[in-house]
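**Q** Handing over upload17.cif, mmCIF, C-alpha atoms.
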data_upload
loop_
_atom_site.group_PDB
_atom_site.id
_atom_site.type_symbol
_atom_site.label_atom_id
_atom_site.label_comp_id
_atom_site.auth_asym_id
_atom_site.auth_seq_id
_atom_site.Cartn_x
_atom_site.Cartn_y
_atom_site.Cartn_z
ATOM 1 C CA MET A 1 142.056 65.375 177.857
ATOM 2 C CA SER A 2 141.085 68.616 179.600
ATOM 3 C CA GLU A 3 137.683 68.370 177.904
ATOM 4 C CA MET A 4 137.197 64.830 179.231
ATOM 5 C CA MET A 5 138.089 65.944 182.739
ATOM 6 C CA LYS A 6 135.147 68.363 182.658
ATOM 7 C CA ILE A 7 132.773 65.385 182.504
ATOM 8 C CA PRO A 8 131.376 64.752 186.003
ATOM 9 C CA TYR A 9 133.006 61.750 187.726
ATOM 10 C CA PHE A 10 135.429 61.103 184.819
ATOM 11 C CA ASP A 11 138.485 59.474 186.420
ATOM 12 C CA LYS A 12 137.510 60.961 189.778
ATOM 13 C CA THR A 13 135.768 58.041 191.455
ATOM 14 C CA THR A 14 136.942 56.459 194.670
ATOM 15 C CA ASN A 15 136.466 52.880 195.834
ATOM 16 C CA ALA A 16 133.481 54.000 197.906
ATOM 17 C CA ASP A 17 131.704 55.178 194.738
ATOM 18 C CA PHE A 18 131.420 51.658 193.314
ATOM 19 C CA GLY A 19 127.861 50.435 193.620
ATOM 20 C CA SER A 20 126.421 53.949 193.905
ATOM 21 C CA ILE A 21 123.929 54.915 191.208
ATOM 22 C CA ARG A 22 124.660 58.553 190.360
ATOM 23 C CA LEU A 23 122.527 60.974 188.381
ATOM 24 C CA MET A 24 124.190 62.361 185.241
ATOM 25 C CA GLY A 25 121.266 64.320 183.804
ATOM 26 C CA ILE A 26 117.960 64.134 181.968
ATOM 27 C CA ASP A 27 117.612 63.269 178.284
ATOM 28 C CA GLU A 28 115.342 64.801 175.627
ATOM 29 C CA TYR A 29 112.607 62.285 176.488
ATOM 30 C CA HIS A 30 112.725 63.396 180.151
ATOM 31 C CA ASN A 31 114.326 60.122 181.249
ATOM 32 C CA GLU A 32 116.755 60.335 184.143
ATOM 33 C CA ILE A 33 120.200 59.071 183.168
ATOM 34 C CA TYR A 34 122.403 57.459 185.800
ATOM 35 C CA VAL A 35 125.847 55.906 185.914
ATOM 36 C CA LEU A 36 126.948 52.937 187.991
ATOM 37 C CA GLY A 37 130.417 51.504 188.563
ATOM 38 C CA LYS A 38 130.159 47.761 189.118
ATOM 39 C CA LYS A 39 133.834 46.721 189.329
ATOM 40 C CA ASN A 40 134.263 43.540 187.278
ATOM 41 C CA LEU A 41 130.880 42.004 187.994
ATOM 42 C CA GLY A 42 129.914 41.712 184.345
ATOM 43 C CA LYS A 43 126.613 41.775 182.494
ATOM 44 C CA ARG A 44 124.907 39.888 185.303
ATOM 45 C CA TYR A 45 124.771 43.081 187.343
ATOM 46 C CA GLY A 46 122.353 44.626 184.838
ATOM 47 C CA ASN A 47 120.118 41.585 185.180
ATOM 48 C CA ILE A 48 120.126 41.969 188.960
ATOM 49 C CA LEU A 49 118.775 45.517 188.596
ATOM 50 C CA MET A 50 116.229 44.446 185.992
ATOM 51 C CA GLY A 51 115.174 41.566 188.226
ATOM 52 C CA ILE A 52 114.571 43.883 191.172
ATOM 53 C CA ALA A 53 112.570 46.240 188.954
ATOM 54 C CA GLU A 54 110.598 43.262 187.645
ATOM 55 C CA ILE A 55 109.530 41.968 191.055
ATOM 56 C CA LEU A 56 108.485 45.517 191.964
ATOM 57 C CA GLY A 57 106.399 45.652 188.792
ATOM 58 C CA VAL A 58 108.316 48.552 187.225
ATOM 59 C CA LYS A 59 110.512 46.756 184.700
ATOM 60 C CA GLU A 60 109.364 49.094 181.928
ATOM 61 C CA GLU A 61 110.755 52.086 183.814
ATOM 62 C CA LEU A 62 114.332 50.823 183.726
ATOM 63 C CA LEU A 63 116.836 50.305 180.940
ATOM 64 C CA THR A 64 120.327 49.076 181.736
ATOM 65 C CA VAL A 65 123.189 49.600 179.323
ATOM 66 C CA ASP A 66 126.411 47.650 179.751
ATOM 67 C CA CYS A 67 129.230 49.918 178.525
ATOM 68 C CA MET A 68 131.998 47.391 179.092
ATOM 69 C CA SER A 69 131.675 45.983 175.579
ATOM 70 C CA ARG A 70 132.964 49.371 174.294
ATOM 71 C CA VAL A 71 135.768 49.770 176.816
ATOM 72 C CA ASN A 72 139.201 48.935 175.398
ATOM 73 C CA TRP A 73 142.296 47.661 177.172
ATOM 74 C CA SER A 74 143.892 51.127 177.383
ATOM 75 C CA MET A 75 140.847 52.382 179.278
ATOM 76 C CA LYS A 76 140.901 49.370 181.599
ATOM 77 C CA ILE A 77 144.622 49.587 182.322
ATOM 78 C CA GLY A 78 144.609 53.395 182.573
ATOM 79 C CA GLY A 79 141.561 53.423 184.812
ATOM 80 C CA PHE A 80 142.944 50.699 187.049
ATOM 81 C CA THR A 81 146.320 52.452 187.363
ATOM 82 C CA SER A 82 144.750 55.834 188.095
ATOM 83 C CA ARG A 83 141.885 54.808 190.381
ATOM 84 C CA ARG A 84 142.829 51.546 192.041
ATOM 85 C CA MET A 85 146.587 52.049 192.315
ATOM 86 C CA GLY A 86 146.392 55.798 192.759
ATOM 87 C CA TRP A 87 149.048 56.526 190.104
ATOM 88 C CA VAL A 88 147.056 59.296 188.434
ATOM 89 C CA SER A 89 149.908 60.849 186.447
ATOM 90 C CA LEU A 90 150.685 57.447 184.934
ATOM 91 C CA GLY A 91 147.176 56.096 184.436
ATOM 92 C CA ARG A 92 145.251 59.168 183.301
ATOM 93 C CA PRO A 93 147.102 59.725 179.973
ATOM 94 C CA VAL A 94 146.640 56.034 179.087
ATOM 95 C CA LEU A 95 142.962 56.304 179.993
ATOM 96 C CA GLY A 96 142.668 59.470 177.890
ATOM 97 C CA LYS A 97 144.205 57.815 174.825
ATOM 98 C CA GLY A 98 141.979 54.788 175.281
ATOM 99 C CA THR A 99 138.873 56.938 175.645
ATOM 100 C CA GLU A 100 139.728 58.837 172.454
ATOM 101 C CA ALA A 101 140.129 55.542 170.618
ATOM 102 C CA ALA A 102 136.839 54.207 172.018
ATOM 103 C CA PHE A 103 134.901 57.430 171.509
ATOM 104 C CA LEU A 104 133.099 56.452 168.306
ATOM 105 C CA ASP A 105 132.248 53.032 169.746
ATOM 106 C CA LEU A 106 130.721 54.771 172.764
ATOM 107 C CA VAL A 107 128.802 57.142 170.485
ATOM 108 C CA ASN A 108 127.506 54.087 168.617
ATOM 109 C CA LEU A 109 126.333 52.562 171.911
ATOM 110 C CA VAL A 110 124.551 55.799 172.754
ATOM 111 C CA GLU A 111 122.787 55.802 169.382
ATOM 112 C CA ILE A 112 121.698 52.189 169.837
ATOM 113 C CA THR A 113 120.475 53.069 173.322
ATOM 114 C CA ARG A 114 118.451 55.995 171.979
ATOM 115 C CA MET A 115 116.644 53.588 169.677
ATOM 116 C CA LYS A 116 116.173 51.106 172.522
ATOM 117 C CA VAL A 117 114.758 53.846 174.730
ATOM 118 C CA MET A 118 111.992 54.313 172.215
ATOM 119 C CA LYS A 119 111.242 50.594 172.277
ATOM 120 C CA LYS A 120 112.029 50.256 176.006
ATOM 121 C CA VAL A 121 113.973 47.085 175.476
ATOM 122 C CA GLN A 122 116.975 46.196 177.600
ATOM 123 C CA VAL A 123 120.301 46.539 175.800
ATOM 124 C CA ARG A 124 122.367 43.368 176.137
ATOM 125 C CA MET B 1 106.191 43.364 200.693
ATOM 126 C CA LYS B 2 109.095 41.577 199.048
ATOM 127 C CA ILE B 3 111.855 40.108 201.180
ATOM 128 C CA VAL B 4 115.138 39.420 199.392
ATOM 129 C CA PHE B 5 117.849 37.325 201.022
ATOM 130 C CA LEU B 6 121.103 38.552 199.514
ATOM 131 C CA GLY B 7 124.258 36.501 199.251
ATOM 132 C CA THR B 8 127.384 36.338 197.151
ATOM 133 C CA THR B 9 125.418 33.670 195.282
ATOM 134 C CA GLY B 10 121.666 33.195 195.230
ATOM 135 C CA VAL B 11 121.688 29.409 195.020
ATOM 136 C CA GLN B 12 123.614 28.468 198.147
ATOM 137 C CA HIS B 13 123.555 30.155 201.586
ATOM 138 C CA SER B 14 120.967 32.839 200.758
ATOM 139 C CA LEU B 15 118.713 30.166 199.250
ATOM 140 C CA ILE B 16 119.015 28.085 202.430
ATOM 141 C CA ALA B 17 118.348 31.186 204.566
ATOM 142 C CA ALA B 18 115.156 31.910 202.619
ATOM 143 C CA HIS B 19 113.987 28.332 203.150
ATOM 144 C CA ILE B 20 114.800 28.513 206.875
ATOM 145 C CA TYR B 21 112.835 31.765 207.113
ATOM 146 C CA LEU B 22 109.852 30.083 205.472
ATOM 147 C CA GLY B 23 110.192 27.031 207.701
ATOM 148 C CA GLN B 24 110.760 24.842 204.674
ATOM 149 C CA LEU B 25 114.148 23.397 205.544
ATOM 150 C CA GLY B 26 113.317 19.920 206.790
ATOM 151 C CA SER B 27 116.757 18.329 206.733
ATOM 152 C CA GLU B 28 120.369 19.041 205.900
ATOM 153 C CA ASP B 29 119.952 17.413 202.508
ATOM 154 C CA PHE B 30 120.156 20.668 200.603
ATOM 155 C CA ARG B 31 119.967 18.840 197.261
ATOM 156 C CA SER B 32 116.228 18.562 197.699
ATOM 157 C CA LEU B 33 115.907 22.373 197.606
ATOM 158 C CA GLU B 34 114.832 23.662 194.215
ATOM 159 C CA TYR B 35 117.645 25.585 192.462
ATOM 160 C CA PHE B 36 120.290 24.563 195.010
ATOM 161 C CA CYS B 37 123.692 25.021 193.293
ATOM 162 C CA ASP B 38 121.867 25.658 190.013
ATOM 163 C CA LEU B 39 124.528 27.630 188.155
ATOM 164 C CA SER B 40 122.369 28.465 185.161
ATOM 165 C CA LYS B 41 119.807 30.033 187.470
ATOM 166 C CA GLU B 42 122.587 31.870 189.278
ATOM 167 C CA SER B 43 124.146 33.209 186.085
ATOM 168 C CA SER B 44 120.829 34.738 185.018
ATOM 169 C CA GLY B 45 121.175 37.263 187.850
ATOM 170 C CA PHE B 46 117.449 37.431 188.509
ATOM 171 C CA PRO B 47 115.983 37.053 192.017
ATOM 172 C CA ILE B 48 114.747 33.527 192.696
ATOM 173 C CA PHE B 49 111.252 33.285 194.116
ATOM 174 C CA ILE B 50 111.181 30.889 197.075
ATOM 175 C CA GLY B 51 107.667 31.283 198.455
ATOM 176 C CA ASP B 52 105.223 33.370 200.462
ATOM 177 C CA ASP B 53 105.537 33.757 204.222
ATOM 178 C CA ALA B 54 102.674 33.689 206.753
ATOM 179 C CA ARG B 55 102.121 37.431 206.341
ATOM 180 C CA GLY B 56 101.773 37.164 202.574
ATOM 181 C CA ASN B 57 105.236 38.587 201.832
ATOM 182 C CA GLN B 58 107.031 37.213 198.783
ATOM 183 C CA VAL B 59 110.426 35.791 199.671
ATOM 184 C CA TYR B 60 113.320 35.729 197.195
ATOM 185 C CA SER B 61 116.970 34.701 197.101
ATOM 186 C CA LEU B 62 119.492 36.719 195.108
ATOM 187 C CA GLY B 63 123.216 36.505 194.434
ATOM 188 C CA VAL B 64 125.042 39.797 193.865
ATOM 189 C CA GLY B 65 128.616 38.577 193.372
ATOM 190 C CA LYS B 66 131.678 38.747 195.547
ATOM 191 C CA ASP B 67 131.050 42.252 196.902
ATOM 192 C CA LEU B 68 127.901 41.835 198.968
ATOM 193 C CA GLN B 69 127.982 45.351 200.437
ATOM 194 C CA MET B 70 128.298 46.903 196.989
ATOM 195 C CA GLY B 71 125.354 44.874 195.717
ATOM 196 C CA GLN B 72 123.232 45.903 198.674
ATOM 197 C CA LYS B 73 124.124 49.560 198.183
ATOM 198 C CA THR B 74 123.223 49.434 194.483
ATOM 199 C CA ILE B 75 119.836 47.839 195.121
ATOM 200 C CA GLU B 76 119.067 50.342 197.904
ATOM 201 C CA ASN B 77 119.969 53.183 195.516
ATOM 202 C CA LEU B 78 117.749 51.656 192.845
ATOM 203 C CA LEU B 79 114.803 51.408 195.238
ATOM 204 C CA THR B 80 115.096 55.106 196.052
ATOM 205 C CA ILE B 81 115.357 56.066 192.365
ATOM 206 C CA LEU B 82 112.306 53.990 191.482
ATOM 207 C CA GLY B 83 110.349 55.549 194.348
ATOM 208 C CA PHE B 84 110.255 52.533 196.648
ATOM 209 C CA SER B 85 111.416 52.028 200.216
ATOM 210 C CA SER B 86 112.280 49.222 202.609
ATOM 211 C CA GLN B 87 108.548 48.969 203.273
ATOM 212 C CA ASP B 88 108.159 47.651 199.732
ATOM 213 C CA LEU B 89 111.303 45.578 199.438
ATOM 214 C CA MET B 90 113.398 44.508 202.384
ATOM 215 C CA LEU B 91 116.970 43.353 201.822
ATOM 216 C CA ARG B 92 118.463 40.825 204.178
ATOM 217 C CA PRO B 93 122.182 40.164 203.551
ATOM 218 C CA VAL B 94 123.302 36.672 204.518
ATOM 219 C CA SER B 95 127.001 36.621 205.213
ATOM 220 C CA ILE B 96 129.031 33.559 206.153
ATOM 221 C CA LYS B 97 132.768 32.948 206.438
ATOM 222 C CA ALA B 98 133.013 30.704 203.390
ATOM 223 C CA GLU B 99 130.958 32.895 201.050
ATOM 224 C CA ARG B 100 133.866 33.734 198.759
ATOM 225 C CA LEU B 101 134.913 30.103 198.589
ATOM 226 C CA LEU B 102 131.369 29.155 197.610
ATOM 227 C CA ALA B 103 131.417 31.788 194.873
ATOM 228 C CA CYS B 104 134.746 30.401 193.604
ATOM 229 C CA LEU B 105 133.374 26.847 193.478
ATOM 230 C CA GLY B 106 130.776 28.053 191.012
ATOM 231 C CA LYS B 107 133.529 29.255 188.679
ATOM 232 C CA ILE B 108 134.974 25.775 188.042
ATOM 233 C CA PRO B 109 134.238 24.948 184.391
ATOM 234 C CA ARG B 110 131.625 22.307 183.700
ATOM 235 C CA TYR B 111 134.045 20.264 181.526
ATOM 236 C CA LEU B 112 136.295 19.842 184.577
ATOM 237 C CA GLY B 113 133.393 18.455 186.557
ATOM 238 C CA GLY B 114 132.567 21.840 188.053
ATOM 239 C CA THR B 115 128.905 21.058 188.633
ATOM 240 C CA LYS B 116 129.606 17.948 190.718
ATOM 241 C CA ILE B 117 132.564 19.492 192.552
ATOM 242 C CA ASN B 118 130.488 22.584 193.369
ATOM 243 C CA LEU B 119 127.589 20.492 194.653
ATOM 244 C CA PHE B 120 129.793 18.149 196.701
ATOM 245 C CA PHE B 121 131.842 20.816 198.467
ATOM 246 C CA SER B 122 128.947 23.252 198.836
ATOM 247 C CA ILE B 123 126.977 20.698 200.833
ATOM 248 C CA ILE B 124 129.935 20.026 203.139
ATOM 249 C CA ILE B 125 130.656 23.742 203.642
ATOM 250 C CA LEU B 126 127.025 24.732 204.121
ATOM 251 C CA ARG B 127 126.389 21.983 206.677
ATOM 252 C CA GLN B 128 129.240 23.453 208.710
ATOM 253 C CA GLU B 129 127.894 26.977 208.225
ATOM 254 C CA LEU B 130 124.256 26.095 208.883
ATOM 255 C CA ALA B 131 124.339 27.476 212.434
ATOM 256 C CA ALA B 132 125.639 30.808 211.145
ATOM 257 C CA ILE B 133 122.936 30.927 208.466
ATOM 258 C CA LYS B 134 120.251 30.174 211.054
ATOM 259 C CA GLU B 135 121.668 32.928 213.242
ATOM 260 C CA ASN B 136 121.393 35.371 210.307
ATOM 261 C CA VAL B 137 117.734 34.452 209.851
ATOM 262 C CA GLU B 138 116.954 34.633 213.583
ATOM 263 C CA GLN B 139 118.451 38.135 213.753
ATOM 264 C CA PHE B 140 116.176 39.126 210.901
ATOM 265 C CA CYS B 141 113.081 37.625 212.530
ATOM 266 C CA ASN B 142 113.769 39.353 215.875
#
Here is a file; write its structure as structure tokens.

**A**
Amino acid sequence: MSEMMKIPYFDKTTNADFGSIRLMGIDEYHNEIYVLGKKNLGKRYGNILMGIAEILGVKEELLTVDCMSRVNWSMKIGGFTSRRMGWVSLGRPVLGKGTEAAFLDLVNLVEITRMKVMKKVQVR
Amino acid sequence: MKIVFLGTTGVQHSLIAAHIYLGQLGSEDFRSLEYFCDLSKESSGFPIFIGDDARGNQVYSLGVGKDLQMGQKTIENLLTILGFSSQDLMLRPVSIKAERLLACLGKIPRYLGGTKINLFFSIIILRQELAAIKENVEQFCN
């Protein structure tokens, strides 16, 4: 858990952070990697971003990845309890367990995304 | 420049606002507006092109879900990241009292008659809110 807590923003966001696109780093292909909390607005939110990029003529410069398909119930409940309700000591361990359980699924999503980056196709 | 009218949905009040802005709203029969209460269009999440204004700007309508402020913030962040500014794409949020109710109407399943219920009540609500929508557009024009 202490290792997870070293990740920037991990279980540290506030309500005001939702909707903010935050830089996480730069990958080996020199792409900028960002994270975005979108509450429970679903896959549609990715399409909104792609749509904006499309009308600006820069669709190829953006790739959205919906991580919610890899988030399990423990992560949802733990995250909600810690962040929304403010019960950190109760929610964080549940979130930690859930994240451990989902880790390989998240790694799989990252690997798929790496391949998609090469093809520059939106992950759905 | 692109002008995007933002609402909780893109096929109701923001769509009407875009048509008012373009001077295309002839009557209160909103059913004649293309994509009005079109839930499949709404669920796609993509901006809906409405038309070009007198200055050659492209006008769109877009629904960003129940948290309008969050949607606006995200798009503004995205513009900055992609190297654009409000000179390239201008966001105009259209907020009315019944916006959450309108969003809820769109959630009624089709097998329960959701499409007809949504259309029927949306027209009633939006006729009552038309003055507020016009006010939103006038503020933008001034």

**Q** Name all residues at most 12 Å from Glu34 of chain B (count all atoms listed in the file; drop same-chain ones fewer than 3 positions away) and give them as a list in words.

**A**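 What passes the distance filter is Gly10, Val11, Gln12, Leu15, Ile16, Ala18, His19, Gln24, Leu25, Asp29, Phe30, Arg31, Cys37, Asp38, Lys41, Ile48, Phe49, Ile50, Gly51 and Ser61 of chain B.
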
**Q** As a ChimeraX atom specification, please: the residues near Ile48 of chain A (cut-off 10 Å, only C-alpha atoms, same-chain neighbours under 6 positions excluded).

**A** /A:54 /B:44-47,62-64,71,74-75

**Q** Could you name the residues that touch Ile77 of chain A at 8 Å or less, counting all atoms listed in the file, but leaving out those on the same chain fewer than 2 positions away, as a PDB file with C-alpha atoms, in the coordinates of the input?

**A**
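So the final result, stored in result.pdb, reads:
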ATOM      1  CA  TRP A  73     142.296  47.661 177.172  1.00  0.00           C
ATOM      2  CA  SER A  74     143.892  51.127 177.383  1.00  0.00           C
ATOM      3  CA  MET A  75     140.847  52.382 179.278  1.00  0.00           C
ATOM      4  CA  GLY A  79     141.561  53.423 184.812  1.00  0.00           C
ATOM      5  CA  PHE A  80     142.944  50.699 187.049  1.00  0.00           C
ATOM      6  CA  THR A  81     146.320  52.452 187.363  1.00  0.00           C
ATOM      7  CA  GLY A  91     147.176  56.096 184.436  1.00  0.00           C
ATOM      8  CA  VAL A  94     146.640  56.034 179.087  1.00  0.00           C
ATOM      9  CA  LEU A  95     142.962  56.304 179.993  1.00  0.00           C
TER      10      LEU A  95
END

**Q** Please find the residues of chain A near chain B - the criterion being any atom within 6 Å, counting all atoms listed in the file - and write them as a ChimeraX atom specification.

**A** /A:19-20,44,47-48,51

**Q** Once the PyMOL selection byres ((chain B and resi 130) around 12) has been applied to the shown file, what residues remain in the selection, as number ranges by chain?

**A** B: 12-17, 19-20, 25, 27-30, 94-98, 122-129, 131-137

**Q** Take the residues just selected and output them with C-alpha atoms as a short mmCIF file (atom, residue, chain, number, x, y, z; two decimals), keeping the file's coordinate frame.

**A**
data_model
loop_
_atom_site.label_atom_id
_atom_site.label_comp_id
_atom_site.auth_asym_id
_atom_site.auth_seq_id
_atom_site.Cartn_x
_atom_site.Cartn_y
_atom_site.Cartn_z
CA GLN B 12 123.61 28.47 198.15
CA HIS B 13 123.56 30.16 201.59
CA SER B 14 120.97 32.84 200.76
CA LEU B 15 118.71 30.17 199.25
CA ILE B 16 119.02 28.08 202.43
CA ALA B 17 118.35 31.19 204.57
CA HIS B 19 113.99 28.33 203.15
CA ILE B 20 114.80 28.51 206.88
CA LEU B 25 114.15 23.40 205.54
CA SER B 27 116.76 18.33 206.73
CA GLU B 28 120.37 19.04 205.90
CA ASP B 29 119.95 17.41 202.51
CA PHE B 30 120.16 20.67 200.60
CA VAL B 94 123.30 36.67 204.52
CA SER B 95 127.00 36.62 205.21
CA ILE B 96 129.03 33.56 206.15
CA LYS B 97 132.77 32.95 206.44
CA ALA B 98 133.01 30.70 203.39
CA SER B 122 128.95 23.25 198.84
CA ILE B 123 126.98 20.70 200.83
CA ILE B 124 129.94 20.03 203.14
CA ILE B 125 130.66 23.74 203.64
CA LEU B 126 127.02 24.73 204.12
CA ARG B 127 126.39 21.98 206.68
CA GLN B 128 129.24 23.45 208.71
CA GLU B 129 127.89 26.98 208.22
CA ALA B 131 124.34 27.48 212.43
CA ALA B 132 125.64 30.81 211.14
CA ILE B 133 122.94 30.93 208.47
CA LYS B 134 120.25 30.17 211.05
CA GLU B 135 121.67 32.93 213.24
CA ASN B 136 121.39 35.37 210.31
CA VAL B 137 117.73 34.45 209.85
#

**Q** Could you pull segment 72-85 of chain B out of the structure I just pasted and write it to a file containing N, CA, C and O atoms, as a compact mmCIF listing (two decimals), in the first residue's frame?

**A**
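Written output follows (out-v1.txt):
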# COMPACT_ATOMS: atom_id res chain seq x y z
N GLN B 72 -17.18 21.60 -18.74
CA GLN B 72 -16.56 22.82 -19.28
C GLN B 72 -15.08 22.86 -18.91
O GLN B 72 -14.22 23.17 -19.75
N LYS B 73 -14.80 22.55 -17.66
CA LYS B 73 -13.41 22.58 -17.18
C LYS B 73 -12.55 21.59 -17.97
O LYS B 73 -11.43 21.93 -18.40
N THR B 74 -13.07 20.39 -18.19
CA THR B 74 -12.32 19.37 -18.93
C THR B 74 -12.00 19.84 -20.35
O THR B 74 -10.87 19.70 -20.82
N ILE B 75 -13.01 20.39 -21.02
CA ILE B 75 -12.80 20.82 -22.41
C ILE B 75 -11.80 21.99 -22.45
O ILE B 75 -10.94 22.03 -23.33
N GLU B 76 -11.91 22.90 -21.49
CA GLU B 76 -10.95 24.02 -21.44
C GLU B 76 -9.52 23.50 -21.23
O GLU B 76 -8.58 23.98 -21.85
N ASN B 77 -9.39 22.51 -20.34
CA ASN B 77 -8.07 21.88 -20.11
C ASN B 77 -7.56 21.25 -21.39
O ASN B 77 -6.39 21.39 -21.76
N LEU B 78 -8.46 20.56 -22.08
CA LEU B 78 -8.07 19.87 -23.32
C LEU B 78 -7.59 20.87 -24.38
O LEU B 78 -6.60 20.62 -25.06
N LEU B 79 -8.29 21.98 -24.49
CA LEU B 79 -7.90 23.01 -25.46
C LEU B 79 -6.48 23.48 -25.19
O LEU B 79 -5.67 23.60 -26.11
N THR B 80 -6.18 23.73 -23.92
CA THR B 80 -4.83 24.19 -23.56
C THR B 80 -3.78 23.13 -23.92
O THR B 80 -2.75 23.45 -24.50
N ILE B 81 -4.09 21.87 -23.57
CA ILE B 81 -3.14 20.78 -23.84
C ILE B 81 -2.88 20.64 -25.34
O ILE B 81 -1.75 20.41 -25.77
N LEU B 82 -3.94 20.79 -26.12
CA LEU B 82 -3.80 20.63 -27.58
C LEU B 82 -3.26 21.88 -28.26
O LEU B 82 -3.09 21.91 -29.47
N GLY B 83 -3.02 22.93 -27.46
CA GLY B 83 -2.43 24.15 -28.01
C GLY B 83 -3.43 25.10 -28.65
O GLY B 83 -3.07 25.88 -29.53
N PHE B 84 -4.68 25.01 -28.20
CA PHE B 84 -5.71 25.92 -28.72
C PHE B 84 -6.15 26.88 -27.60
O PHE B 84 -5.81 26.69 -26.43
N SER B 85 -6.93 27.88 -28.00
CA SER B 85 -7.43 28.84 -27.02
C SER B 85 -8.90 29.14 -27.32
O SER B 85 -9.47 28.59 -28.27
